[in-house]
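The file protein-v1.pdb comes next; it holds PDB, C-alpha atoms.
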MODEL        1
ATOM      1  CA  MET P   9     -25.602  26.250  -6.075
ATOM      2  CA  ALA P  10     -22.133  27.737  -5.913
ATOM      3  CA  ASN P  11     -22.564  28.176  -2.194
ATOM      4  CA  LEU P  12     -23.583  24.541  -1.771
ATOM      5  CA  TRP P  13     -20.576  23.414  -3.773
ATOM      6  CA  GLN P  14     -18.291  25.568  -1.648
ATOM      7  CA  LYS P  15     -19.763  24.076   1.492
ATOM      8  CA  LEU P  16     -19.393  20.541   0.241
ATOM      9  CA  THR P  17     -15.792  21.061  -0.718
ATOM     10  CA  TYR P  18     -14.868  23.461   2.058
ATOM     11  CA  HIS P  19     -11.520  22.964   3.642
ATOM     12  CA  ARG P  20     -10.101  25.866   5.584
ATOM     13  CA  GLY P  21     -11.391  28.172   2.934
ATOM     14  CA  ASN P  22      -9.253  26.654   0.219
ATOM     15  CA  GLY P  23     -11.589  23.995  -1.083
ATOM     16  CA  TRP P  24     -11.078  20.458   0.100
ATOM     17  CA  TRP P  25      -8.828  19.334  -2.728
ATOM     18  CA  ASN P  26      -6.453  22.285  -2.377
ATOM     19  CA  LEU P  27      -3.423  21.418  -0.347
ATOM     20  CA  PRO P  28      -2.490  23.483   2.698
ATOM     21  CA  HIS P  29       0.317  25.935   1.987
ATOM     22  CA  THR P  30       2.584  25.286   4.937
ATOM     23  CA  ALA P  31       1.015  22.332   6.563
ATOM     24  CA  SER P  32       4.001  21.495   8.709
ATOM     25  CA  GLN P  33       3.434  24.720  10.630
ATOM     26  CA  GLU P  34      -0.338  24.544  10.618
ATOM     27  CA  PRO P  35      -2.527  22.312  12.721
ATOM     28  CA  ASP P  36      -4.243  19.509  10.900
ATOM     29  CA  PRO P  37      -7.510  20.577   9.341
ATOM     30  CA  PRO P  38     -10.541  20.205  11.548
ATOM     31  CA  PHE P  39     -12.357  17.621   9.460
ATOM     32  CA  GLU P  40     -10.654  14.775   7.665
ATOM     33  CA  GLY P  41     -13.831  13.560   6.008
ATOM     34  CA  PRO P  42     -13.539  12.631   2.350
ATOM     35  CA  ILE P  43     -15.577  15.563   1.067
ATOM     36  CA  GLY P  44     -15.783  17.788   4.113
ATOM     37  CA  GLY P  45     -18.673  20.216   4.182
ATOM     38  CA  ALA P  46     -20.945  21.523   6.908
ATOM     39  CA  TRP P  47     -23.572  18.788   7.113
ATOM     40  CA  LEU P  48     -21.196  15.906   6.649
ATOM     41  CA  SER P  49     -18.705  17.351   9.069
ATOM     42  CA  ASN P  50     -21.230  17.030  11.871
ATOM     43  CA  ILE P  51     -21.394  13.299  11.244
ATOM     44  CA  TRP P  52     -17.632  13.073  11.033
ATOM     45  CA  ARG P  53     -17.207  15.058  14.209
ATOM     46  CA  THR P  54     -19.190  12.532  16.161
ATOM     47  CA  ILE P  55     -17.116   9.704  14.734
ATOM     48  CA  THR P  56     -13.697  11.283  14.840
ATOM     49  CA  HIS P  57     -11.923  12.842  17.737
ATOM     50  CA  GLY P  58     -14.087  15.819  18.467
ATOM     51  CA  GLY P  59     -13.679  17.054  14.919
ATOM     52  CA  VAL P  60     -10.523  18.963  15.787
ATOM     53  CA  SER P  61      -6.823  18.402  15.381
ATOM     54  CA  HIS P  62      -5.907  14.922  14.198
ATOM     55  CA  ALA P  63      -8.578  12.459  13.316
ATOM     56  CA  GLY P  64      -9.350  10.084  16.136
ATOM     57  CA  PRO P  65      -9.205   6.312  16.339
ATOM     58  CA  GLY P  66     -12.776   6.051  15.040
ATOM     59  CA  PHE P  67     -11.820   7.635  11.769
ATOM     60  CA  TYR P  68      -8.752   5.428  11.383
ATOM     61  CA  TRP P  69     -10.831   2.329  12.081
ATOM     62  CA  LEU P  70     -13.217   3.447   9.361
ATOM     63  CA  VAL P  71     -10.377   3.835   6.874
ATOM     64  CA  GLY P  72      -9.074   0.400   7.946
ATOM     65  CA  LEU P  73     -12.534  -1.078   7.442
ATOM     66  CA  PHE P  74     -12.742   0.526   4.012
ATOM     67  CA  LEU P  75      -9.367  -0.994   3.049
ATOM     68  CA  GLY P  76     -10.459  -4.417   4.299
ATOM     69  CA  VAL P  77     -13.754  -4.273   2.400
ATOM     70  CA  ILE P  78     -11.999  -3.266  -0.828
ATOM     71  CA  THR P  79      -9.603  -6.216  -0.413
ATOM     72  CA  LEU P  80     -12.551  -8.556   0.093
ATOM     73  CA  LEU P  81     -14.206  -7.099  -2.988
ATOM     74  CA  GLU P  82     -11.048  -7.726  -5.008
ATOM     75  CA  VAL P  83     -10.918 -11.346  -3.915
ATOM     76  CA  TRP P  84     -14.631 -11.748  -4.678
ATOM     77  CA  LEU P  85     -14.064 -10.328  -8.180
ATOM     78  CA  PHE P  86     -11.253 -12.840  -8.607
ATOM     79  CA  THR P  87     -13.687 -15.683  -8.002
ATOM     80  CA  LEU P  88     -16.176 -14.265 -10.504
ATOM     81  CA  LYS P  89     -15.982 -15.461 -14.073
ATOM     82  CA  GLY P  90     -17.185 -13.546 -17.078
ATOM     83  CA  LEU P  91     -15.933 -10.044 -16.336
ATOM     84  CA  GLY P  92     -13.780 -10.312 -19.436
ATOM     85  CA  GLY P  93     -11.882  -7.177 -20.341
ATOM     86  CA  LEU P  94     -13.302  -5.289 -17.377
ATOM     87  CA  TYR P  95     -11.520  -7.484 -14.836
ATOM     88  CA  ILE P  96      -8.104  -5.814 -14.946
ATOM     89  CA  PRO P  97      -9.344  -2.175 -15.095
ATOM     90  CA  ILE P  98     -11.707  -2.795 -12.156
ATOM     91  CA  LEU P  99      -8.928  -4.379 -10.094
ATOM     92  CA  LEU P 100      -6.534  -1.563 -10.924
ATOM     93  CA  GLY P 101      -9.216   0.967  -9.952
ATOM     94  CA  LEU P 102      -9.834  -0.727  -6.603
ATOM     95  CA  SER P 103      -6.098  -0.973  -6.008
ATOM     96  CA  ALA P 104      -5.770   2.751  -6.729
ATOM     97  CA  LEU P 105      -8.535   3.458  -4.201
ATOM     98  CA  LYS P 106      -6.645   1.585  -1.494
ATOM     99  CA  PHE P 107      -3.417   3.276  -2.511
ATOM    100  CA  VAL P 108      -4.955   6.739  -2.240
ATOM    101  CA  GLY P 109      -6.675   5.830   1.035
ATOM    102  CA  VAL P 110      -3.407   4.852   2.695
ATOM    103  CA  VAL P 111      -1.346   7.718   1.242
ATOM    104  CA  ALA P 112      -3.908  10.442   1.883
ATOM    105  CA  PHE P 113      -5.146   9.486   5.341
ATOM    106  CA  PHE P 114      -2.671   7.103   6.988
ATOM    107  CA  MET P 115       0.404   8.846   5.606
ATOM    108  CA  HIS P 116      -1.205  12.266   6.063
ATOM    109  CA  LEU P 117       0.099  13.418   2.690
ATOM    110  CA  ARG P 118      -3.189  15.215   2.221
ATOM    111  CA  PHE P 119      -2.272  17.405   5.185
ATOM    112  CA  ASP P 120       1.493  17.521   4.811
ATOM    113  CA  GLY P 121       3.652  20.203   3.212
ATOM    114  CA  ARG P 122       3.155  20.863  -0.479
ATOM    115  CA  LEU P 123       6.828  20.208  -1.188
ATOM    116  CA  PHE P 124       6.469  16.616   0.032
ATOM    117  CA  THR P 125       3.420  16.132  -2.125
ATOM    118  CA  TYR P 126       5.305  17.427  -5.154
ATOM    119  CA  ILE P 127       8.339  15.230  -4.455
ATOM    120  CA  PHE P 128       6.235  12.125  -3.992
ATOM    121  CA  THR P 129       3.910  12.732  -6.935
ATOM    122  CA  ALA P 130       6.845  13.667  -9.214
ATOM    123  CA  SER P 131       8.537  10.394  -8.278
ATOM    124  CA  MET P 132       5.293   8.560  -8.884
ATOM    125  CA  GLY P 133       5.058  10.255 -12.273
ATOM    126  CA  ILE P 134       8.618   9.302 -13.197
ATOM    127  CA  GLY P 135       8.077   5.750 -11.917
ATOM    128  CA  ILE P 136       4.830   5.298 -13.840
ATOM    129  CA  GLY P 137       6.429   6.906 -16.912
ATOM    130  CA  MET P 138       9.349   4.465 -16.805
ATOM    131  CA  PHE P 139       6.929   1.666 -16.203
ATOM    132  CA  THR P 140       4.791   2.601 -19.211
ATOM    133  CA  LEU P 141       7.818   3.165 -21.427
ATOM    134  CA  VAL P 142       9.238  -0.257 -20.633
ATOM    135  CA  LEU P 143       5.902  -1.918 -21.304
ATOM    136  CA  LEU P 144       5.453  -0.036 -24.593
ATOM    137  CA  LEU P 145       8.992  -0.904 -25.698
ATOM    138  CA  GLN P 146       8.355  -4.511 -24.840
ATOM    139  CA  GLN P 147       5.075  -4.467 -26.758
ATOM    140  CA  PHE P 148       6.121  -2.585 -29.863
ATOM    141  CA  GLY P 149       9.932  -2.552 -29.813
ATOM    142  CA  ASN P 150      10.270  -5.722 -31.880
ATOM    143  CA  GLN P 151       8.176  -4.285 -34.678
ATOM    144  CA  VAL P 152      10.702  -1.546 -35.521
ATOM    145  CA  ARG P 153      13.116  -3.459 -37.700
TER     146      ARG P 153
ATOM    147  CA  MET K   2      11.659  10.398   4.270
ATOM    148  CA  TRP K   3       9.352  11.540   1.480
ATOM    149  CA  THR K   4      12.393  11.889  -0.789
ATOM    150  CA  PHE K   5      13.551   8.388   0.101
ATOM    151  CA  LEU K   6      10.057   7.068  -0.552
ATOM    152  CA  GLY K   7      10.066   8.856  -3.897
ATOM    153  CA  SER K   8      13.258   7.020  -4.860
ATOM    154  CA  ASP K   9      11.829   3.752  -3.581
ATOM    155  CA  VAL K  10       8.742   4.242  -5.767
ATOM    156  CA  MET K  11      11.031   4.244  -8.811
ATOM    157  CA  PHE K  12      12.971   1.283  -7.404
ATOM    158  CA  PHE K  13       9.869  -0.857  -7.023
ATOM    159  CA  GLY K  14       8.404   0.553 -10.245
ATOM    160  CA  ALA K  15      11.374  -0.864 -12.148
ATOM    161  CA  PHE K  16      10.900  -4.332 -10.645
ATOM    162  CA  ILE K  17       7.143  -4.346 -11.201
ATOM    163  CA  ALA K  18       7.672  -3.254 -14.814
ATOM    164  CA  THR K  19      10.231  -6.036 -15.229
ATOM    165  CA  TYR K  20       7.748  -8.543 -13.870
ATOM    166  CA  LEU K  21       5.109  -7.349 -16.332
ATOM    167  CA  VAL K  22       7.512  -7.378 -19.274
ATOM    168  CA  TYR K  23       8.310 -11.039 -18.645
ATOM    169  CA  ARG K  24       4.798 -11.969 -17.578
ATOM    170  CA  GLY K  25       3.509 -15.072 -19.374
ATOM    171  CA  ARG K  26       6.872 -15.844 -20.975
ATOM    172  CA  SER K  27       7.997 -18.775 -18.876
ATOM    173  CA  LEU K  28       8.558 -21.738 -21.119
ATOM    174  CA  ASN K  29       8.403 -24.266 -18.326
ATOM    175  CA  GLY K  30       6.384 -24.541 -15.139
ATOM    176  CA  PRO K  31       5.308 -24.110 -12.485
ATOM    177  CA  TYR K  32       3.139 -21.319 -13.879
ATOM    178  CA  PRO K  33       1.268 -18.753 -11.750
ATOM    179  CA  SER K  34      -2.039 -20.555 -12.331
ATOM    180  CA  GLU K  35      -0.563 -23.726 -10.847
ATOM    181  CA  ILE K  36       1.077 -22.273  -7.798
ATOM    182  CA  LEU K  37      -0.368 -18.976  -6.546
ATOM    183  CA  ASN K  38      -2.660 -19.309  -3.552
ATOM    184  CA  ILE K  39      -4.989 -16.306  -3.624
ATOM    185  CA  PRO K  40      -6.997 -16.997  -0.422
ATOM    186  CA  VAL K  41      -3.843 -17.295   1.691
ATOM    187  CA  THR K  42      -2.266 -14.201   0.152
ATOM    188  CA  SER K  43      -5.503 -12.277   0.684
ATOM    189  CA  VAL K  44      -5.241 -13.002   4.396
ATOM    190  CA  SER K  45      -1.628 -11.820   4.489
ATOM    191  CA  THR K  46      -2.624  -8.687   2.547
ATOM    192  CA  PHE K  47      -5.342  -8.006   5.098
ATOM    193  CA  VAL K  48      -2.814  -8.500   7.902
ATOM    194  CA  LEU K  49      -0.474  -5.922   6.371
ATOM    195  CA  LEU K  50      -3.304  -3.433   5.827
ATOM    196  CA  MET K  51      -4.328  -3.803   9.456
ATOM    197  CA  SER K  52      -0.733  -3.222  10.541
ATOM    198  CA  SER K  53      -0.996   0.203   8.892
ATOM    199  CA  LEU K  54      -4.105   0.844  10.941
ATOM    200  CA  ALA K  55      -2.214  -0.183  14.104
ATOM    201  CA  MET K  56       0.563   2.191  13.077
ATOM    202  CA  VAL K  57      -1.673   5.267  12.896
ATOM    203  CA  LEU K  58      -3.327   4.293  16.172
ATOM    204  CA  GLY K  59       0.082   3.995  17.809
ATOM    205  CA  LEU K  60       1.034   7.442  16.545
ATOM    206  CA  TYR K  61      -2.279   8.877  17.670
ATOM    207  CA  TYR K  62      -1.931   7.588  21.235
ATOM    208  CA  LEU K  63       1.707   8.657  21.405
ATOM    209  CA  ARG K  64       0.703  12.202  20.495
ATOM    210  CA  GLU K  65      -2.045  12.025  23.082
ATOM    211  CA  GLY K  66       0.539  11.088  25.682
ATOM    212  CA  GLN K  67      -0.987   7.673  26.350
ATOM    213  CA  LYS K  68       2.258   5.739  26.603
ATOM    214  CA  ASN K  69       0.876   2.276  27.297
ATOM    215  CA  LYS K  70      -1.638   2.339  24.466
ATOM    216  CA  ALA K  71       0.999   3.706  22.093
ATOM    217  CA  THR K  72       3.434   0.939  23.037
ATOM    218  CA  LEU K  73       0.709  -1.657  22.648
ATOM    219  CA  TRP K  74      -0.238  -0.529  19.132
ATOM    220  CA  ILE K  75       3.402  -0.312  18.043
ATOM    221  CA  LEU K  76       3.813  -3.864  19.297
ATOM    222  CA  VAL K  77       0.739  -4.844  17.277
ATOM    223  CA  VAL K  78       2.528  -3.438  14.205
ATOM    224  CA  VAL K  79       5.554  -5.609  15.051
ATOM    225  CA  LEU K  80       3.302  -8.628  15.545
ATOM    226  CA  LEU K  81       1.305  -8.159  12.317
ATOM    227  CA  GLY K  82       4.480  -7.436  10.345
ATOM    228  CA  SER K  83       5.997 -10.633  11.710
ATOM    229  CA  VAL K  84       2.848 -12.566  10.791
ATOM    230  CA  PHE K  85       3.094 -11.191   7.258
ATOM    231  CA  MET K  86       6.743 -12.262   7.083
ATOM    232  CA  GLY K  87       5.679 -15.683   8.349
ATOM    233  CA  PHE K  88       3.127 -15.957   5.540
ATOM    234  CA  GLN K  89       5.808 -15.032   3.026
ATOM    235  CA  PHE K  90       8.267 -17.527   4.451
ATOM    236  CA  VAL K  91       5.677 -20.315   4.288
ATOM    237  CA  GLU K  92       4.735 -19.290   0.744
ATOM    238  CA  PHE K  93       8.348 -19.296  -0.420
ATOM    239  CA  ARG K  94       8.955 -22.669   1.205
ATOM    240  CA  GLU K  95       5.793 -24.067  -0.393
ATOM    241  CA  PHE K  96       6.814 -22.765  -3.806
ATOM    242  CA  ALA K  97      10.292 -24.275  -3.446
ATOM    243  CA  HIS K  98       8.659 -27.544  -2.462
ATOM    244  CA  GLU K  99       6.522 -27.371  -5.624
ATOM    245  CA  GLY K 100       9.640 -26.754  -7.693
ATOM    246  CA  LEU K 101       9.558 -22.984  -8.141
ATOM    247  CA  THR K 102      12.794 -21.216  -7.266
ATOM    248  CA  PRO K 103      14.384 -18.056  -8.678
ATOM    249  CA  ARG K 104      16.281 -20.285 -11.122
ATOM    250  CA  THR K 105      13.349 -22.365 -12.341
ATOM    251  CA  ASN K 106      11.875 -20.006 -14.896
ATOM    252  CA  ILE K 107      11.429 -16.318 -15.672
ATOM    253  CA  PHE K 108       8.294 -16.160 -13.509
ATOM    254  CA  GLY K 109      10.256 -17.527 -10.553
ATOM    255  CA  THR K 110      13.081 -15.022 -11.075
ATOM    256  CA  THR K 111      10.883 -11.936 -11.339
ATOM    257  CA  PHE K 112       8.477 -13.102  -8.625
ATOM    258  CA  PHE K 113      11.102 -13.905  -6.009
ATOM    259  CA  ILE K 114      13.137 -10.758  -6.665
ATOM    260  CA  LEU K 115      10.122  -8.457  -6.364
ATOM    261  CA  THR K 116       8.442 -10.110  -3.386
ATOM    262  CA  GLY K 117      11.815 -10.814  -1.760
ATOM    263  CA  ILE K 118      12.843  -7.165  -1.900
ATOM    264  CA  HIS K 119       9.469  -6.206  -0.491
ATOM    265  CA  GLY K 120       9.939  -8.796   2.254
ATOM    266  CA  ALA K 121      13.325  -7.259   3.063
ATOM    267  CA  HIS K 122      11.625  -3.892   3.439
ATOM    268  CA  VAL K 123       9.067  -5.431   5.799
ATOM    269  CA  THR K 124      11.845  -7.050   7.827
ATOM    270  CA  ILE K 125      13.656  -3.728   8.216
ATOM    271  CA  GLY K 126      10.359  -2.115   9.208
ATOM    272  CA  VAL K 127       9.647  -4.757  11.845
ATOM    273  CA  ILE K 128      13.102  -4.309  13.396
ATOM    274  CA  TRP K 129      12.654  -0.523  13.351
ATOM    275  CA  MET K 130       9.225  -0.781  14.982
ATOM    276  CA  ALA K 131      10.554  -3.160  17.635
ATOM    277  CA  PHE K 132      13.164  -0.556  18.610
ATOM    278  CA  LEU K 133      10.490   2.145  18.711
ATOM    279  CA  ALA K 134       8.208  -0.043  20.837
ATOM    280  CA  TYR K 135      11.068  -0.528  23.273
ATOM    281  CA  SER K 136      11.764   3.230  23.288
ATOM    282  CA  SER K 137       8.096   3.950  23.910
ATOM    283  CA  HIS K 138       8.015   1.426  26.744
ATOM    284  CA  ARG K 139      11.086   3.026  28.322
ATOM    285  CA  GLY K 140       9.499   6.466  27.953
ATOM    286  CA  LYS K 141      12.141   7.728  25.536
ATOM    287  CA  LEU K 142       9.615   8.040  22.734
ATOM    288  CA  ARG K 143       7.110  10.661  23.764
ATOM    289  CA  ALA K 144       4.623  13.109  22.313
ATOM    290  CA  ASP K 145       7.307  15.782  21.923
ATOM    291  CA  ASN K 146       9.492  13.567  19.727
ATOM    292  CA  SER K 147       6.659  11.683  18.034
ATOM    293  CA  LEU K 148       8.137  12.704  14.698
ATOM    294  CA  ASP K 149      10.448   9.678  15.046
ATOM    295  CA  LEU K 150       7.424   7.402  14.998
ATOM    296  CA  GLU K 151       5.738   9.409  12.245
ATOM    297  CA  ILE K 152       8.774   8.974   9.983
ATOM    298  CA  ALA K 153       8.904   5.245  10.714
ATOM    299  CA  GLY K 154       5.164   5.167  10.052
ATOM    300  CA  LEU K 155       5.624   6.751   6.635
ATOM    301  CA  TYR K 156       8.065   3.975   5.793
ATOM    302  CA  TRP K 157       5.660   1.338   7.060
ATOM    303  CA  HIS K 158       2.689   2.696   5.127
ATOM    304  CA  PHE K 159       4.841   2.840   2.019
ATOM    305  CA  VAL K 160       5.668  -0.844   2.400
ATOM    306  CA  ASP K 161       1.922  -1.386   2.666
ATOM    307  CA  ILE K 162       1.049   0.514  -0.524
ATOM    308  CA  VAL K 163       3.763  -1.306  -2.464
ATOM    309  CA  TRP K 164       2.142  -4.560  -1.385
ATOM    310  CA  ILE K 165      -1.257  -3.257  -2.527
ATOM    311  CA  VAL K 166       0.208  -2.940  -6.020
ATOM    312  CA  ILE K 167       2.075  -6.266  -5.850
ATOM    313  CA  PHE K 168      -1.022  -8.112  -4.654
ATOM    314  CA  THR K 169      -3.070  -6.731  -7.526
ATOM    315  CA  VAL K 170      -0.488  -7.111 -10.285
ATOM    316  CA  ILE K 171       1.207 -10.383  -9.379
ATOM    317  CA  TYR K 172      -1.492 -12.254  -7.544
ATOM    318  CA  LEU K 173      -4.917 -11.162  -8.759
ATOM    319  CA  ILE K 174      -4.108 -10.250 -12.355
ATOM    320  CA  SER K 175      -1.541 -12.972 -13.035
ATOM    321  CA  ALA K 176      -3.196 -15.773 -11.094
ATOM    322  CA  ASN K 177      -4.716 -17.333 -14.204
ATOM    323  CA  ASP K 178      -1.535 -17.167 -16.278
ATOM    324  CA  GLY K 179      -0.606 -20.516 -17.763
ATOM    325  CA  PRO K 180       1.960 -21.558 -20.329
ATOM    326  CA  PRO K 181       2.433 -19.138 -23.245
ATOM    327  CA  PRO K 182       1.216 -20.185 -26.713
ATOM    328  CA  GLY K 183       3.609 -22.652 -28.250
ATOM    329  CA  ALA K 184       5.268 -23.690 -24.994
ATOM    330  CA  GLU K 185       3.872 -27.208 -25.371
ATOM    331  CA  LEU K 186       5.826 -27.617 -28.630
ATOM    332  CA  LEU K 187       9.082 -27.293 -26.683
ATOM    333  CA  HIS K 188       8.144 -30.185 -24.461
ATOM    334  CA  GLY K 189       6.775 -32.406 -27.215
TER     335      GLY K 189
ENDMDL
END

Can I see the file as structure tokens?
Amino acid sequence: MANLWQKLTYHRGNGWWNLPHTASQEPDPPFEGPIGGAWLSNIWRTITHGGVSHAGPGFYWLVGLFLGVITLLEVWLFTLKGLGGLYIPILLGLSALKFVGVVAFFMHLRFDGRLFTYIFTASMGIGIGMFTLVLLLQQFGNQVR
Amino acid sequence: MWTFLGSDVMFFGAFIATYLVYRGRSLNGPYPSEILNIPVTSVSTFVLLMSSLAMVLGLYYLREGQKNKATLWILVVVLLGSVFMGFQFVEFREFAHEGLTPRTNIFGTTFFILTGIHGAHVTIGVIWMAFLAYSSHRGKLRADNSLDLEIAGLYWHFVDIVWIVIFTVIYLISANDGPPPGAELLHG
């Protein structure tokens, strides 16, 4: 079981979700599939550019298709009535999927240096923190009197 | 570039937060429910997403040393970015025609500032890409200095992800916003 898990999440021996240490000096990982692994990588290799170096046009078209489909799904949800309180969380979730798709694969952050990842995610954290603080102040600030 | 993008995240975060703070507080119209055109904006969103795809393809072919294909895809980025700007220009003009300007109400102010600043980013990106397309065509942008295009690409993708958030927050979530409770009392 552990072996299967390791295979599914394999990424240069670090596990797929672990970031490369010095990616700027290393070649891009061989498989840019979303969960990597031996059996899936064979499929990805046929789609992407030989499964080595940078992903090929086929992979980028797939990511583009994914982004387009998610956008269509969002618009379809907009036309639906009766989702109630689920509407906003679902939209935010789909938006986050697109966000991660672009940042991880188009911007190559997944394969870039760790320092860049830390800088970007720290800024995201500060931005979202400010964002949340302002919204909370706006929501509850008037009650403290 | 990542550091700049980090600062820009906070920059846009502040404007998006401001929009949300004042969301639904306009005391006079036009309100989002009366004016936002979701189908049209969906098309422009799709156009911008596809420009990101063109960007990575341009970078890929540049690294592969295929100059003509690289130039073509960079030009596609310029074209799609210009189409997006065209959509925004038409939208702004339409809104002004319907009576929504930055001075009309708080929705107009926050909407135009946020989308306008994003539009300025797109404009800068289009100009940048046009220069890079020219450089690629002249053979000055090659595989060995493809980092120039990669950095420009990071900027372009960032503009794309900001729009992903704007499209969700301003257009899809706010599209049904009407007058706030009690607004009708002000107008008799």

Using the chain letters and residue numbers of this document, give as a PyMOL selection string the residues selected by the PyMOL selection byres ((chain P and resi 72-86) around 7). (chain P and resi 68-71+87-88+99+102+106) or (chain K and resi 47+51+54+173)

On this file, the PyMOL selection byres ((chain P) within 9 of (chain K)) gives some set of residues; write that set as a PDB file with C-alpha atoms, keeping the file's coordinate frame.
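Result file is result.pdb:
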ATOM      1  CA  HIS P  62      -5.907  14.922  14.198  1.00  0.00           C
ATOM      2  CA  ALA P  63      -8.578  12.459  13.316  1.00  0.00           C
ATOM      3  CA  GLY P  64      -9.350  10.084  16.136  1.00  0.00           C
ATOM      4  CA  PRO P  65      -9.205   6.312  16.339  1.00  0.00           C
ATOM      5  CA  TYR P  68      -8.752   5.428  11.383  1.00  0.00           C
ATOM      6  CA  TRP P  69     -10.831   2.329  12.081  1.00  0.00           C
ATOM      7  CA  VAL P  71     -10.377   3.835   6.874  1.00  0.00           C
ATOM      8  CA  GLY P  72      -9.074   0.400   7.946  1.00  0.00           C
ATOM      9  CA  LEU P  73     -12.534  -1.078   7.442  1.00  0.00           C
ATOM     10  CA  LEU P  75      -9.367  -0.994   3.049  1.00  0.00           C
ATOM     11  CA  GLY P  76     -10.459  -4.417   4.299  1.00  0.00           C
ATOM     12  CA  THR P  79      -9.603  -6.216  -0.413  1.00  0.00           C
ATOM     13  CA  LEU P  80     -12.551  -8.556   0.093  1.00  0.00           C
ATOM     14  CA  GLU P  82     -11.048  -7.726  -5.008  1.00  0.00           C
ATOM     15  CA  VAL P  83     -10.918 -11.346  -3.915  1.00  0.00           C
ATOM     16  CA  PHE P  86     -11.253 -12.840  -8.607  1.00  0.00           C
ATOM     17  CA  TYR P  95     -11.520  -7.484 -14.836  1.00  0.00           C
ATOM     18  CA  ILE P  96      -8.104  -5.814 -14.946  1.00  0.00           C
ATOM     19  CA  LEU P  99      -8.928  -4.379 -10.094  1.00  0.00           C
ATOM     20  CA  LEU P 100      -6.534  -1.563 -10.924  1.00  0.00           C
ATOM     21  CA  SER P 103      -6.098  -0.973  -6.008  1.00  0.00           C
ATOM     22  CA  ALA P 104      -5.770   2.751  -6.729  1.00  0.00           C
ATOM     23  CA  LYS P 106      -6.645   1.585  -1.494  1.00  0.00           C
ATOM     24  CA  PHE P 107      -3.417   3.276  -2.511  1.00  0.00           C
ATOM     25  CA  VAL P 108      -4.955   6.739  -2.240  1.00  0.00           C
ATOM     26  CA  VAL P 110      -3.407   4.852   2.695  1.00  0.00           C
ATOM     27  CA  VAL P 111      -1.346   7.718   1.242  1.00  0.00           C
ATOM     28  CA  PHE P 114      -2.671   7.103   6.988  1.00  0.00           C
ATOM     29  CA  MET P 115       0.404   8.846   5.606  1.00  0.00           C
ATOM     30  CA  HIS P 116      -1.205  12.266   6.063  1.00  0.00           C
ATOM     31  CA  PHE P 124       6.469  16.616   0.032  1.00  0.00           C
ATOM     32  CA  THR P 125       3.420  16.132  -2.125  1.00  0.00           C
ATOM     33  CA  ILE P 127       8.339  15.230  -4.455  1.00  0.00           C
ATOM     34  CA  PHE P 128       6.235  12.125  -3.992  1.00  0.00           C
ATOM     35  CA  THR P 129       3.910  12.732  -6.935  1.00  0.00           C
ATOM     36  CA  ALA P 130       6.845  13.667  -9.214  1.00  0.00           C
ATOM     37  CA  SER P 131       8.537  10.394  -8.278  1.00  0.00           C
ATOM     38  CA  MET P 132       5.293   8.560  -8.884  1.00  0.00           C
ATOM     39  CA  ILE P 134       8.618   9.302 -13.197  1.00  0.00           C
ATOM     40  CA  GLY P 135       8.077   5.750 -11.917  1.00  0.00           C
ATOM     41  CA  ILE P 136       4.830   5.298 -13.840  1.00  0.00           C
ATOM     42  CA  MET P 138       9.349   4.465 -16.805  1.00  0.00           C
ATOM     43  CA  PHE P 139       6.929   1.666 -16.203  1.00  0.00           C
ATOM     44  CA  THR P 140       4.791   2.601 -19.211  1.00  0.00           C
ATOM     45  CA  VAL P 142       9.238  -0.257 -20.633  1.00  0.00           C
ATOM     46  CA  LEU P 143       5.902  -1.918 -21.304  1.00  0.00           C
ATOM     47  CA  GLN P 146       8.355  -4.511 -24.840  1.00  0.00           C
ATOM     48  CA  GLN P 147       5.075  -4.467 -26.758  1.00  0.00           C
TER      49      GLN P 147
END

Take the PyMOL selection byres ((chain K and resi 79) around 12), apply it to the structure above, and return the hits as a ChimeraX atom specification. /K:48-49,51-53,55-56,59,72-78,80-86,123-135,154,157

Straight-line distance linking atom CA of K:Phe88 with atom CA of P:Ala112, stated in Å to one decimal: 27.6 Å

To one decimal place, how far is atom CA of K:Thr111 from atom CA of K:Gly179 in Å?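 Interatomic distance here is 15.7 Å.
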
One decimal, Å: what's the distance from atom CA of K:Ile171 over to atom CA of K:Gly30, could you say? 16.1 Å

So which one's closest to K:Val91, K:His138, K:Asn29, K:Asn38, K:Phe112? Using all atoms listed in the file, please. K:Asn38

Using only C-alpha atoms, which of K:His119, K:Phe113, K:Pro31, K:Lys141 sits nearest K:Glu99?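 Smallest distance to K:Glu99 is found for K:Pro31.
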
Fix up stretch 169-174 of chain K with N, CA and C atoms, then write it as an mmCIF file, in the frame of the given file.
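Everything below was put into rebuild_18.cif:
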data_model
loop_
_atom_site.group_PDB
_atom_site.id
_atom_site.type_symbol
_atom_site.label_atom_id
_atom_site.label_comp_id
_atom_site.auth_asym_id
_atom_site.auth_seq_id
_atom_site.Cartn_x
_atom_site.Cartn_y
_atom_site.Cartn_z
ATOM 1 N N THR K 169 -2.190 -6.851 -6.364
ATOM 2 C CA THR K 169 -3.070 -6.731 -7.526
ATOM 3 C C THR K 169 -2.388 -7.254 -8.787
ATOM 4 N N VAL K 170 -1.157 -6.795 -9.015
ATOM 5 C CA VAL K 170 -0.488 -7.111 -10.285
ATOM 6 C C VAL K 170 -0.036 -8.566 -10.346
ATOM 7 N N ILE K 171 0.629 -9.032 -9.323
ATOM 8 C CA ILE K 171 1.207 -10.383 -9.379
ATOM 9 C C ILE K 171 0.166 -11.443 -9.051
ATOM 10 N N TYR K 172 -0.598 -11.184 -8.013
ATOM 11 C CA TYR K 172 -1.492 -12.254 -7.544
ATOM 12 C C TYR K 172 -2.836 -12.242 -8.280
ATOM 13 N N LEU K 173 -3.558 -11.144 -8.216
ATOM 14 C CA LEU K 173 -4.917 -11.162 -8.759
ATOM 15 C C LEU K 173 -4.930 -11.158 -10.292
ATOM 16 N N ILE K 174 -4.073 -10.352 -10.885
ATOM 17 C CA ILE K 174 -4.108 -10.250 -12.355
ATOM 18 C C ILE K 174 -3.399 -11.437 -13.015
#
